[in-house]
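Structure below is final09.cif: mmCIF, C-alpha atoms.
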data_final
#
loop_
_atom_site.label_atom_id
_atom_site.label_comp_id
_atom_site.auth_asym_id
_atom_site.auth_seq_id
_atom_site.Cartn_x
_atom_site.Cartn_y
_atom_site.Cartn_z
CA MET A 398 31.61 31.03 46.56
CA ARG A 399 28.59 31.53 48.82
CA LYS A 400 29.39 33.73 51.77
CA ILE A 401 30.32 32.09 55.05
CA THR A 402 27.82 33.66 57.42
CA LYS A 403 26.46 33.29 60.93
CA GLU A 404 24.03 30.68 59.60
CA THR A 405 26.92 28.81 57.98
CA TYR A 406 28.77 28.47 61.28
CA ILE A 407 25.64 27.41 63.13
CA ASN A 408 24.84 24.79 60.48
CA TRP A 409 28.43 23.57 60.51
CA TYR A 410 28.40 23.17 64.27
CA GLN A 411 25.07 21.35 64.34
CA ASP A 412 25.99 19.09 61.42
CA MET A 413 29.49 18.21 62.55
CA LEU A 414 28.36 17.58 66.12
CA PHE A 415 25.63 15.28 64.85
CA TRP A 416 28.08 13.39 62.64
CA ARG A 417 30.45 12.97 65.61
CA LYS A 418 27.74 11.75 67.96
CA PHE A 419 26.26 9.52 65.25
CA GLU A 420 29.64 7.80 64.87
CA ASP A 421 30.04 7.55 68.64
CA LYS A 422 26.69 5.78 68.83
CA LEU A 423 27.78 3.35 66.10
CA ALA A 424 30.89 2.54 68.14
CA ALA A 425 28.72 1.73 71.15
CA LEU A 426 26.41 -0.46 69.05
CA TYR A 427 29.43 -2.25 67.60
CA ILE A 428 30.71 -3.09 71.09
CA GLN A 429 27.25 -4.49 71.85
CA GLN A 430 27.64 -6.65 68.70
CA LYS A 431 24.59 -5.05 67.09
CA ILE A 432 26.83 -4.02 64.20
CA ARG A 433 28.93 -6.78 62.69
CA GLY A 434 31.92 -6.87 60.37
CA PHE A 435 34.11 -3.78 60.06
CA LEU A 436 33.38 -0.26 61.29
CA HIS A 437 35.47 2.76 60.26
CA LEU A 438 34.60 6.05 61.97
CA TYR A 439 35.03 9.64 60.74
CA ASN A 440 35.72 11.33 64.09
CA GLY A 441 38.08 14.27 63.59
CA GLN A 442 37.68 14.59 59.83
CA GLU A 443 34.29 16.37 59.81
CA ALA A 444 35.62 19.68 58.46
CA VAL A 445 36.56 18.01 55.17
CA LEU A 446 32.92 17.15 54.55
CA ALA A 447 31.44 20.34 55.97
CA GLY A 448 33.60 22.57 53.78
CA ALA A 449 32.85 20.55 50.65
CA LEU A 450 29.09 20.59 51.17
CA HIS A 451 29.18 24.39 51.40
CA VAL A 452 30.36 24.68 47.79
CA MET A 453 28.73 21.69 46.09
CA GLY A 454 26.02 22.23 43.46
CA GLU A 455 22.98 20.10 42.64
CA ASN A 456 24.77 18.29 39.79
CA ASP A 457 27.93 17.52 41.76
CA LYS A 458 28.69 14.01 42.96
CA MET A 459 30.68 12.41 45.75
CA ILE A 460 32.41 9.05 45.96
CA THR A 461 34.64 7.79 48.75
CA ALA A 462 36.08 4.74 50.50
CA TYR A 463 34.68 2.78 53.43
CA ARG A 464 34.76 5.58 56.04
CA ASN A 465 31.45 6.62 54.57
CA HIS A 466 28.60 6.91 57.07
CA VAL A 467 28.23 10.67 57.45
CA GLN A 468 28.84 11.77 53.85
CA PRO A 469 25.46 10.53 52.58
CA ILE A 470 23.79 12.11 55.61
CA GLY A 471 25.38 15.43 54.67
CA LEU A 472 24.03 15.02 51.15
CA GLY A 473 20.50 14.47 52.38
CA VAL A 474 20.12 10.74 53.01
CA ASP A 475 17.93 10.03 56.06
CA ALA A 476 20.30 9.30 58.96
CA LYS A 477 17.83 6.74 60.31
CA ARG A 478 18.17 4.68 57.15
CA VAL A 479 21.97 4.90 57.31
CA MET A 480 22.00 3.56 60.86
CA ALA A 481 19.51 0.87 59.90
CA GLU A 482 21.82 -0.20 57.09
CA LEU A 483 24.70 -0.62 59.51
CA LEU A 484 22.52 -2.81 61.70
CA GLY A 485 21.64 -4.93 58.66
CA LYS A 486 17.98 -3.95 58.69
CA ASP A 487 15.45 -4.00 55.85
CA THR A 488 14.83 -0.25 56.26
CA GLY A 489 18.48 0.51 55.46
CA THR A 490 19.71 2.28 52.35
CA SER A 491 20.36 -1.08 50.68
CA HIS A 492 17.90 -3.15 52.74
CA GLY A 493 20.73 -4.21 55.03
CA LEU A 494 22.73 -5.88 52.25
CA GLY A 495 25.51 -3.28 52.05
CA GLY A 496 26.43 -2.61 55.64
CA SER A 497 29.03 -0.21 56.98
CA MET A 498 31.34 0.00 53.99
CA HIS A 499 28.80 0.27 51.21
CA ILE A 500 26.34 3.09 51.82
CA PHE A 501 25.02 4.12 48.42
CA SER A 502 22.43 6.65 47.20
CA PRO A 503 22.69 7.95 43.62
CA GLU A 504 19.46 9.91 44.08
CA HIS A 505 21.43 12.03 46.54
CA ASN A 506 24.53 12.03 44.30
CA PHE A 507 26.42 9.70 46.64
CA TYR A 508 28.13 6.82 44.86
CA GLY A 509 29.67 4.90 47.76
CA GLY A 510 31.15 3.56 50.02
CA HIS A 511 33.84 1.17 48.52
CA GLY A 512 35.63 -1.56 50.42
CA ILE A 513 38.50 -2.05 47.96
CA VAL A 514 41.34 0.29 48.88
CA GLY A 515 41.64 2.85 46.08
CA GLY A 516 38.91 1.17 44.05
CA GLN A 517 36.81 4.33 44.03
CA ILE A 518 39.51 6.48 42.41
CA PRO A 519 39.03 5.30 38.80
CA LEU A 520 35.27 5.10 39.41
CA GLY A 521 35.25 8.78 40.35
CA ALA A 522 36.99 9.64 37.09
CA GLY A 523 34.42 7.51 35.29
CA LEU A 524 31.57 9.50 36.82
CA ALA A 525 33.31 12.70 35.75
CA PHE A 526 33.76 11.34 32.22
CA ALA A 527 30.02 10.69 32.01
CA ASP A 528 29.25 14.23 33.15
CA LYS A 529 31.58 15.66 30.51
CA TYR A 530 30.21 13.37 27.79
CA PHE A 531 26.60 14.26 28.53
CA GLU A 532 27.42 17.95 29.23
CA ARG A 533 25.82 17.86 32.69
CA ASN A 534 28.00 20.55 34.28
CA GLY A 535 28.71 18.35 37.27
CA VAL A 536 31.93 17.88 39.22
CA THR A 537 32.79 14.62 40.98
CA LEU A 538 34.55 14.81 44.35
CA THR A 539 36.66 11.67 44.61
CA TYR A 540 37.93 10.97 48.12
CA PHE A 541 40.63 8.52 49.17
CA GLY A 542 42.98 8.05 52.09
CA ASP A 543 46.74 8.40 52.38
CA GLY A 544 47.04 4.60 52.22
CA ALA A 545 45.14 4.45 48.92
CA ALA A 546 47.46 7.11 47.50
CA ARG A 547 50.02 4.32 46.98
CA GLN A 548 47.78 2.31 44.65
CA GLY A 549 48.83 2.01 41.02
CA SER A 550 45.30 2.74 39.82
CA LEU A 551 45.69 6.27 41.16
CA HIS A 552 48.44 7.02 38.66
CA GLU A 553 46.53 5.49 35.76
CA THR A 554 43.49 7.56 36.71
CA PHE A 555 45.47 10.78 37.12
CA ASN A 556 46.99 10.33 33.69
CA MET A 557 43.63 9.83 31.99
CA ALA A 558 41.86 12.55 33.96
CA ILE A 559 44.39 15.27 33.15
CA ASN A 560 44.74 14.12 29.54
CA TRP A 561 40.97 14.28 28.98
CA LYS A 562 40.45 17.32 31.25
CA LEU A 563 37.80 15.52 33.30
CA PRO A 564 35.70 17.53 35.79
CA VAL A 565 36.92 15.74 38.89
CA VAL A 566 38.55 16.84 42.14
CA PHE A 567 40.75 14.22 43.77
CA ILE A 568 40.79 14.66 47.55
CA CYS A 569 43.27 12.78 49.70
CA GLU A 570 42.11 12.78 53.32
CA ASN A 571 45.53 12.43 54.87
CA ASN A 572 44.85 11.54 58.49
CA GLY A 573 48.46 10.54 59.09
CA TYR A 574 48.13 6.78 58.95
CA ALA A 575 46.80 4.10 56.66
CA MET A 576 45.65 1.06 58.65
CA GLY A 577 48.53 1.68 61.01
CA THR A 578 51.45 2.73 58.83
CA SER A 579 52.45 6.40 58.99
CA VAL A 580 52.77 8.39 55.78
CA GLU A 581 56.47 8.96 56.36
CA ARG A 582 57.08 5.20 56.13
CA THR A 583 55.34 4.74 52.77
CA ALA A 584 57.22 7.13 50.50
CA ASN A 585 60.33 9.26 50.15
CA HIS A 586 58.32 12.40 50.96
CA GLU A 587 55.28 13.14 53.12
CA ASP A 588 53.58 15.62 50.78
CA ILE A 589 50.98 13.54 48.96
CA TRP A 590 49.75 16.57 47.00
CA LYS A 591 53.05 16.55 45.10
CA LEU A 592 51.87 13.44 43.24
CA GLY A 593 49.94 15.83 41.02
CA LEU A 594 53.10 17.59 39.88
CA GLY A 595 54.17 14.66 37.71
CA TYR A 596 51.00 15.10 35.65
CA GLU A 597 51.10 18.91 35.64
CA MET A 598 47.84 18.73 37.58
CA PRO A 599 46.96 21.68 39.84
CA CYS A 600 47.56 20.49 43.39
CA GLY A 601 48.23 21.62 46.91
CA PRO A 602 47.83 21.05 50.65
CA VAL A 603 44.79 22.20 52.64
CA ASP A 604 44.13 22.59 56.35
CA GLY A 605 41.58 19.78 56.63
CA MET A 606 40.70 20.67 60.22
CA ASN A 607 39.20 24.03 59.19
CA PRO A 608 35.97 24.00 57.13
CA VAL A 609 36.62 27.53 55.84
CA LYS A 610 39.98 26.53 54.34
CA VAL A 611 38.40 23.40 52.91
CA ALA A 612 35.54 25.34 51.31
CA GLU A 613 37.90 27.88 49.75
CA ALA A 614 40.19 25.26 48.23
CA MET A 615 37.31 23.09 47.05
CA TYR A 616 35.54 26.02 45.42
CA GLU A 617 38.63 27.00 43.44
CA ALA A 618 39.17 23.41 42.28
CA MET A 619 35.52 22.86 41.36
CA GLU A 620 35.30 26.10 39.40
CA ARG A 621 38.42 25.12 37.50
CA ALA A 622 36.75 21.84 36.59
CA ARG A 623 33.55 23.59 35.50
CA ARG A 624 35.56 25.80 33.16
CA GLY A 625 36.80 22.68 31.41
CA GLU A 626 40.33 22.96 32.77
CA GLY A 627 40.38 19.48 34.25
CA PRO A 628 41.17 17.88 37.60
CA THR A 629 42.82 19.08 40.79
CA LEU A 630 44.50 17.11 43.57
CA LEU A 631 43.93 18.43 47.10
CA GLU A 632 45.62 16.93 50.12
CA MET A 633 43.46 17.52 53.19
CA LYS A 634 45.72 17.51 56.23
CA THR A 635 43.40 16.02 58.82
CA TYR A 636 43.42 13.51 61.67
CA ARG A 637 41.25 10.68 62.92
CA TYR A 638 40.66 10.50 66.65
CA ARG A 639 39.67 6.86 66.62
CA GLY A 640 41.50 3.85 65.23
CA HIS A 641 41.49 2.79 61.61
CA SER A 642 38.58 0.52 62.52
CA MET A 643 37.05 -0.69 65.76
CA SER A 644 39.53 -3.58 65.84
CA ASP A 645 42.53 -1.22 65.77
CA ALA A 646 44.59 -1.26 68.98
CA GLN A 647 46.36 1.95 67.84
CA LYS A 648 49.77 0.86 69.09
CA TYR A 649 51.45 2.90 66.35
CA ARG A 650 50.66 6.27 67.99
CA THR A 651 50.68 7.76 71.48
CA LYS A 652 47.72 9.09 73.44
CA SER A 653 49.53 12.40 73.76
CA GLU A 654 49.62 12.71 69.95
CA VAL A 655 45.86 12.24 69.76
CA GLU A 656 45.31 14.77 72.55
CA GLU A 657 47.51 17.28 70.75
CA TYR A 658 45.35 17.06 67.64
CA LYS A 659 42.20 17.40 69.71
CA LYS A 660 43.33 20.94 70.48
CA ILE A 661 42.44 21.78 66.87
CA ASP A 662 39.21 19.78 66.78
CA PRO A 663 37.14 21.19 63.86
CA ILE A 664 33.96 21.19 65.96
CA THR A 665 35.66 23.16 68.73
CA GLN A 666 37.10 25.61 66.20
CA VAL A 667 33.64 26.38 64.82
CA LEU A 668 32.08 26.61 68.29
CA ASP A 669 34.80 29.04 69.39
CA ILE A 670 33.92 31.35 66.50
CA ILE A 671 30.22 31.12 67.33
CA LYS A 672 30.98 32.19 70.89
CA GLU A 673 33.54 34.82 69.90
CA LYS A 674 31.14 36.51 67.49
CA ASN A 675 28.13 36.08 69.77
CA TYR A 676 26.24 34.08 67.15
CA ALA A 677 24.42 32.17 69.90
CA THR A 678 23.84 32.16 73.64
CA GLU A 679 24.95 29.40 75.97
CA ASP A 680 21.34 28.30 76.31
CA GLU A 681 20.97 28.04 72.53
CA ILE A 682 24.14 25.95 72.30
CA LYS A 683 22.86 23.64 75.05
CA GLN A 684 19.60 23.30 73.13
CA TRP A 685 21.47 22.33 69.94
CA ASN A 686 23.46 19.75 71.87
CA GLN A 687 20.26 18.24 73.27
CA GLU A 688 18.64 18.22 69.82
CA VAL A 689 21.63 16.34 68.43
CA LYS A 690 21.46 13.82 71.26
CA ASP A 691 17.72 13.30 70.68
CA LYS A 692 18.24 12.92 66.93
CA VAL A 693 20.88 10.22 67.42
CA GLU A 694 18.61 8.38 69.84
CA ASP A 695 15.78 8.53 67.28
CA CYS A 696 18.11 6.95 64.71
CA GLN A 697 19.03 4.17 67.12
CA LYS A 698 15.39 3.51 68.02
CA PHE A 699 14.38 3.35 64.36
CA ALA A 700 17.26 1.03 63.47
CA GLU A 701 16.83 -1.34 66.38
CA GLU A 702 13.06 -1.61 65.93
CA SER A 703 13.29 -2.20 62.18
CA PRO A 704 13.01 -5.79 60.91
CA PHE A 705 15.80 -7.77 59.33
CA PRO A 706 15.30 -8.46 55.61
CA ASP A 707 13.57 -11.68 54.69
CA THR A 708 15.94 -14.53 53.88
CA GLN A 709 14.34 -14.89 50.46
CA LEU A 710 15.81 -11.52 49.48
CA LEU A 711 19.28 -13.10 49.38
CA TYR A 712 18.17 -15.38 46.54
CA ASP A 713 15.96 -12.89 44.75
CA VAL A 714 18.66 -10.25 44.32
CA VAL A 715 21.06 -12.78 42.85
CA TYR A 716 18.74 -14.36 40.31
CA GLU A 717 16.05 -11.75 39.65
CA GLN A 718 16.19 -7.97 40.14
CA GLU A 719 12.93 -6.85 38.53
CA ASP A 720 11.07 -6.92 41.84
CA TYR A 721 13.80 -4.95 43.61
CA PRO A 722 14.33 -1.68 41.72
CA PHE A 723 16.35 -0.28 44.64
CA LEU A 724 19.27 -2.40 43.47
CA LYS A 725 19.35 -0.50 40.20
CA HIS A 726 18.81 2.99 41.50
CA ARG A 727 20.45 3.13 44.90
#
Please rewrite the model in this file as structure tokens.
Amino acid sequence: MRKITKETYINWYQDMLFWRKFEDKLAALYIQQKIRGFLHLYNGQEAVLAGALHVMGENDKMITAYRNHVQPIGLGVDAKRVMAELLGKDTGTSHGLGGSMHIFSPEHNFYGGHGIVGGQIPLGAGLAFADKYFERNGVTLTYFGDGAARQGSLHETFNMAINWKLPVVFICENNGYAMGTSVERTANHEDIWKLGLGYEMPCGPVDGMNPVKVAEAMYEAMERARRGEGPTLLEMKTYRYRGHSMSDAQKYRTKSEVEEYKKIDPITQVLDIIKEKNYATEDEIKQWNQEVKDKVEDCQKFAEESPFPDTQLLYDVVYEQEDYPFLKHR
């Protein structure tokens, strides 16, 4: 695994802070009704992505559910285009036709963004099967939530993946609740990682609030896959600071519970290390914060000033795709 250095911590802080502020801006735009439909935010879970990106290679892929705005940004997709997509604009990643739940960019090895709960789990195994078949030395990171862990397709996929030794890492982002149902109410035990035991699949829990712990566990699992030893199930113990979606009243948890988890905020943890090790001055940190703020504002300006797609596009993409190659490649 690449060393975790001063530069790593600085990049983690800048990236995670941008992702947090980007999501905060989306929440504000949603309240203004500039974003329609559903909106699921990643606040609190940033370490899961930051740690994974540290160990991913150029042939590795990522697929996830509908809490999917910042993952493509981390993989290199222009954040302006992601925000434009959420506002339904023609400059978006899918010309405004996908929206919040369906960000998609295969050229950056990001395969969605899926609105069907658990629907991405077998698709992730399918991507891994293709990599193995074509000997591409890639590993597919397949993310799903604790709610999706109860889908029957998960078990079918686990059985096939371990039987065929597919190069896939299954990552459950366990943020404590599905839409509003706690993990303890959905099964006889709360340890989702134990689902791997029934398939003799390597599995285990990970501190999903710490990017270092995430990177270490992900690296081990990905190297195992590259050696041809098959899949791993990792349960990232994390927490979301906002509701399941913007329409979630969050009556199933107390404010004090949320505040307790904010004491281990992944962004704060990284910033504390930066300060403790004197990796940056207070002035430098203030400058980073301002740069993040400016970058988010640039995204908003780009998205709001972009045009909506022409109505004709709705008909063209249904009946004829030759003039719209983005539908085939994005």
Give me, as a tab-separated table, the closest atom pair and its distance (Å, one decimal) for every residue of stretch 582-652 of chain A within a cut-off of 12 Å of stretch 547-551 of chain A, counting only C-alpha atoms, rows sorted by chain and rising number.
residue	atom	partner	partner_atom	distance
A:Arg582	CA	A:Arg547	CA	11.6
A:Thr583	CA	A:Arg547	CA	7.9
A:Ala584	CA	A:Arg547	CA	8.5
A:Asn585	CA	A:Arg547	CA	11.9
A:Glu587	CA	A:Arg547	CA	12.0
A:Ile589	CA	A:Arg547	CA	9.5
A:Leu592	CA	A:Leu551	CA	9.7
A:Gly593	CA	A:Leu551	CA	10.5
A:Tyr596	CA	A:Leu551	CA	11.7
A:Leu630	CA	A:Leu551	CA	11.2
Could you name the residues that touch stretch 650-659 of chain A at 10 Å or less, counting all atoms listed in the file, but leaving out those on the same chain fewer than 4 positions away, as number ranges by chain? A: 441, 574, 577-579, 606, 635-640, 646, 663-665
Would you mind exporting the chosen residues as a tab-separated table (two decimals), in the frame of the given file, restricted to C-alpha atoms?
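Dumped everything to result.tsv:
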chain	number	residue	atom	x	y	z
A	441	GLY	CA	38.08	14.27	63.59
A	574	TYR	CA	48.13	6.78	58.95
A	577	GLY	CA	48.53	1.68	61.01
A	578	THR	CA	51.45	2.73	58.83
A	579	SER	CA	52.45	6.40	58.99
A	606	MET	CA	40.70	20.67	60.22
A	635	THR	CA	43.40	16.02	58.82
A	636	TYR	CA	43.42	13.51	61.67
A	637	ARG	CA	41.25	10.68	62.92
A	638	TYR	CA	40.66	10.50	66.65
A	639	ARG	CA	39.67	6.86	66.62
A	640	GLY	CA	41.50	3.85	65.23
A	646	ALA	CA	44.59	-1.26	68.98
A	663	PRO	CA	37.14	21.19	63.86
A	664	ILE	CA	33.96	21.19	65.96
A	665	THR	CA	35.66	23.16	68.73
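Using only C-alpha atoms, the set of residues no farther than 9 Å from the position (39.8, 1.2, 62.5) comprises Phe435, Leu436, His437, Leu438, Met576, Gly577, Arg639, Gly640, His641, Ser642, Met643, Ser644, Asp645, Ala646 and Gln647 of chain A.
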Atom CA of A:Glu613 to atom CA of A:Ile559, distance in Å rounded to a single decimal: 21.8 Å
Going by the chain IDs and residue numbers used in this file, which residues fall under the PyMOL selection byres ((chain A and resi 474) around 10)? Write them as a VMD selection string. chain A and resid 467 to 473 475 to 479 490 500 to 502 504 to 507
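The list of residues with at least one atom within 8 Å of A:Asp543, based on only C-alpha atoms and without residues fewer than 6 positions apart in the same chain, reads Cys569, Glu570, Asn571, Asn572, Gly573, Tyr574, Ala575, Val580 and Ile589 of chain A.
Distance-wise, atom CA of A:Gly496 and atom CA of A:Leu484 end up 7.2 Å apart.
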Non-local contacts of A:Leu563 (7 Å; only C-alpha atoms; under 5 positions in same chain excluded) as JSON, numbers by chain: {"A": [525, 526, 529, 558, 627, 628]}
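Among the candidates A:Ile568, A:Ile460, A:Ile407, A:Ala481, the one nearest to A:Ile432 when counting only C-alpha atoms is A:Ala481.
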In Å to one decimal, how far is atom CA of A:His586 from atom CA of A:Ala546? 12.6 Å
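Of the residues under consideration (A:Lys486, A:Lys698, A:Lys458, A:Lys683), A:Lys458 shows the shortest atom-to-atom contact distance to A:Val566 when counting all atoms listed in the file.
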Can you list what the PyMOL selection byres ((chain A and resi 513-521) around 8) grabs from this structure, as an MDAnalysis selection string? chainID A and resid 459:462 511:512 522:525 537:541 544:546 548 550:551 554 565 567
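Every protein, DNA or RNA residue with an atom at most 7 Å from A:Phe419, where only C-alpha atoms count and chain neighbours fewer than 4 positions away do not, is listed here: Phe415, Leu423 and Val693 of chain A.
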